[in-house]
Amino acid sequence: MTQRLLCGVLIWVAAGSASAASSLNDAWLRVQLALASGSPEALQEQTRELQDVAAEVGALRLTPYATALVTWAELHPGDAGEVALGLARELDANLPAVSFLEARWLWRGGA
């Protein structure tokens, strides 16, 4: 009886983890679509949604998503790139790549 209950709980937890990962992946897909659209407003909105989903599922680190935003920002300098870089900093405040890219842009700008 105890083993069946334990197996049932483990299956329930595994199913919950799979659906949590799925919802996080769905939110990231919407961020990618916003990146493709080039709209800073859409990017901000979808990244906020990603953060909300991450909070719901208990994701503690969003480093891979922040890294992807930094990479995109590096390839798209300008307003959209700056927005993406700021959002990357929000997703992972300790990610060194954000500071390195920001410093590179400042240096190129004469700072």
# chains A, B, ... in the order shown; residues from 1 in each chain; ligands from 1
$ residues_around --residues "range 41-45 of chain A" --least-positions-apart "6" --cutoff "9 Å" --atoms "only C-alpha atoms" --output "ChimeraX atom specification"
/A:30-35,80,83-84,87
$ write_last_selection --atoms "all heavy atoms" --output "short mmCIF file (atom, residue, chain, number, x, y, z; two decimals), in the first residue's frame"
data_model
loop_
_atom_site.label_atom_id
_atom_site.label_comp_id
_atom_site.auth_asym_id
_atom_site.auth_seq_id
_atom_site.Cartn_x
_atom_site.Cartn_y
_atom_site.Cartn_z
N ARG A 30 7.60 32.36 -26.86
CA ARG A 30 6.96 33.66 -27.10
C ARG A 30 7.98 34.80 -27.03
O ARG A 30 7.87 35.78 -27.77
CB ARG A 30 5.81 33.87 -26.13
CG ARG A 30 4.62 32.95 -26.45
CD ARG A 30 3.40 33.27 -25.60
NE ARG A 30 3.57 32.94 -24.20
CZ ARG A 30 3.38 31.73 -23.66
NH1 ARG A 30 3.01 30.72 -24.43
NH2 ARG A 30 3.55 31.54 -22.37
N VAL A 31 8.99 34.67 -26.17
CA VAL A 31 10.08 35.67 -26.13
C VAL A 31 10.83 35.65 -27.46
O VAL A 31 11.13 36.70 -28.03
CB VAL A 31 11.04 35.41 -24.95
CG1 VAL A 31 12.28 36.29 -25.05
CG2 VAL A 31 10.34 35.62 -23.62
N GLN A 32 11.10 34.46 -27.98
CA GLN A 32 11.80 34.36 -29.26
C GLN A 32 11.00 34.99 -30.39
O GLN A 32 11.56 35.64 -31.27
CB GLN A 32 12.09 32.90 -29.58
CG GLN A 32 13.12 32.27 -28.66
CD GLN A 32 13.36 30.83 -29.00
OE1 GLN A 32 13.65 30.50 -30.14
NE2 GLN A 32 13.22 29.96 -28.01
N LEU A 33 9.69 34.79 -30.36
CA LEU A 33 8.84 35.41 -31.38
C LEU A 33 8.88 36.93 -31.26
O LEU A 33 8.88 37.64 -32.28
CB LEU A 33 7.41 34.89 -31.27
CG LEU A 33 7.22 33.41 -31.63
CD1 LEU A 33 5.80 32.96 -31.29
CD2 LEU A 33 7.54 33.16 -33.09
N ALA A 34 8.93 37.43 -30.04
CA ALA A 34 9.04 38.88 -29.83
C ALA A 34 10.38 39.38 -30.35
O ALA A 34 10.46 40.47 -30.93
CB ALA A 34 8.85 39.22 -28.35
N LEU A 35 11.44 38.62 -30.14
CA LEU A 35 12.75 39.00 -30.68
C LEU A 35 12.70 39.06 -32.20
O LEU A 35 13.24 40.00 -32.81
CB LEU A 35 13.83 37.99 -30.24
CG LEU A 35 14.25 38.04 -28.78
CD1 LEU A 35 15.12 36.84 -28.45
CD2 LEU A 35 14.96 39.34 -28.46
N ALA A 80 16.46 48.08 -29.66
CA ALA A 80 16.00 46.73 -29.33
C ALA A 80 17.09 45.95 -28.59
O ALA A 80 16.80 45.21 -27.64
CB ALA A 80 15.58 45.99 -30.59
N VAL A 83 17.25 47.14 -24.99
CA VAL A 83 16.14 46.59 -24.21
C VAL A 83 16.43 45.14 -23.86
O VAL A 83 16.26 44.71 -22.71
CB VAL A 83 14.80 46.72 -24.99
CG1 VAL A 83 13.70 45.90 -24.33
CG2 VAL A 83 14.39 48.17 -25.09
N ALA A 84 16.91 44.36 -24.84
CA ALA A 84 17.23 42.95 -24.59
C ALA A 84 18.32 42.82 -23.53
O ALA A 84 18.25 41.95 -22.66
CB ALA A 84 17.65 42.27 -25.89
N LEU A 87 16.83 43.50 -20.12
CA LEU A 87 16.02 42.36 -19.69
C LEU A 87 16.89 41.18 -19.28
O LEU A 87 16.57 40.46 -18.34
CB LEU A 87 15.05 41.96 -20.80
CG LEU A 87 13.96 43.00 -21.09
CD1 LEU A 87 13.23 42.65 -22.38
CD2 LEU A 87 13.00 43.12 -19.92
#
$ select_by_dssp --residues "chain A" --states "alpha helix (DSSP H)" --output "PyMOL selection string"
chain A and resi 2-37+40-57+63-75+79-91+96-108
$ residues_around --residues "Gln51 in chain A" --least-positions-apart "2" --cutoff "12 Å" --atoms "only C-alpha atoms" --output "PyMOL selection string"
chain A and resi 23-25+27-28+31+44-49+53-63+65-66+87-88+90-92
$ closest_residue --among "A:Ser39, A:Thr67, A:Ser99, A:Asn94" --to "Asp79 in chain A" --atoms "only C-alpha atoms"
A:Ser39
$ closest_atom_pairs --of "range 8-92 of chain A" --to "range 103-107 of chain A" --cutoff "10 Å" --atoms "only C-alpha atoms" --output "tab-separated table"
residue	atom	partner	partner_atom	distance
A:Glu74	CA	A:Trp105	CA	9.2
A:Pro77	CA	A:Trp105	CA	8.5
A:Gly78	CA	A:Trp105	CA	9.9
A:Glu82	CA	A:Trp105	CA	9.7
$ write_last_selection --atoms "N, CA and C atoms" --output "CSV table (one decimal), in the first residue's frame"
chain,number,residue,atom,x,y,z
A,74,GLU,N,23.8,41.5,-28.8
A,74,GLU,CA,25.1,41.8,-29.4
A,74,GLU,C,25.0,41.8,-30.9
A,77,PRO,N,22.5,45.7,-32.2
A,77,PRO,CA,22.8,46.9,-31.4
A,77,PRO,C,21.7,48.0,-31.7
A,78,GLY,N,21.5,48.9,-30.8
A,78,GLY,CA,20.4,49.9,-31.0
A,78,GLY,C,19.4,49.7,-29.9
A,82,GLU,N,19.4,47.2,-26.7
A,82,GLU,CA,19.6,47.8,-25.3
A,82,GLU,C,18.5,47.3,-24.4
$ atom_distance --atom1 "CA of Asp52 in chain A" --atom2 "CA of Leu69 in chain A"
17.2 Å
$ closest_residue --among "A:Leu95, A:Asp26, A:Gly86, A:Arg108" --to "Leu50 in chain A" --atoms "only C-alpha atoms"
A:Asp26
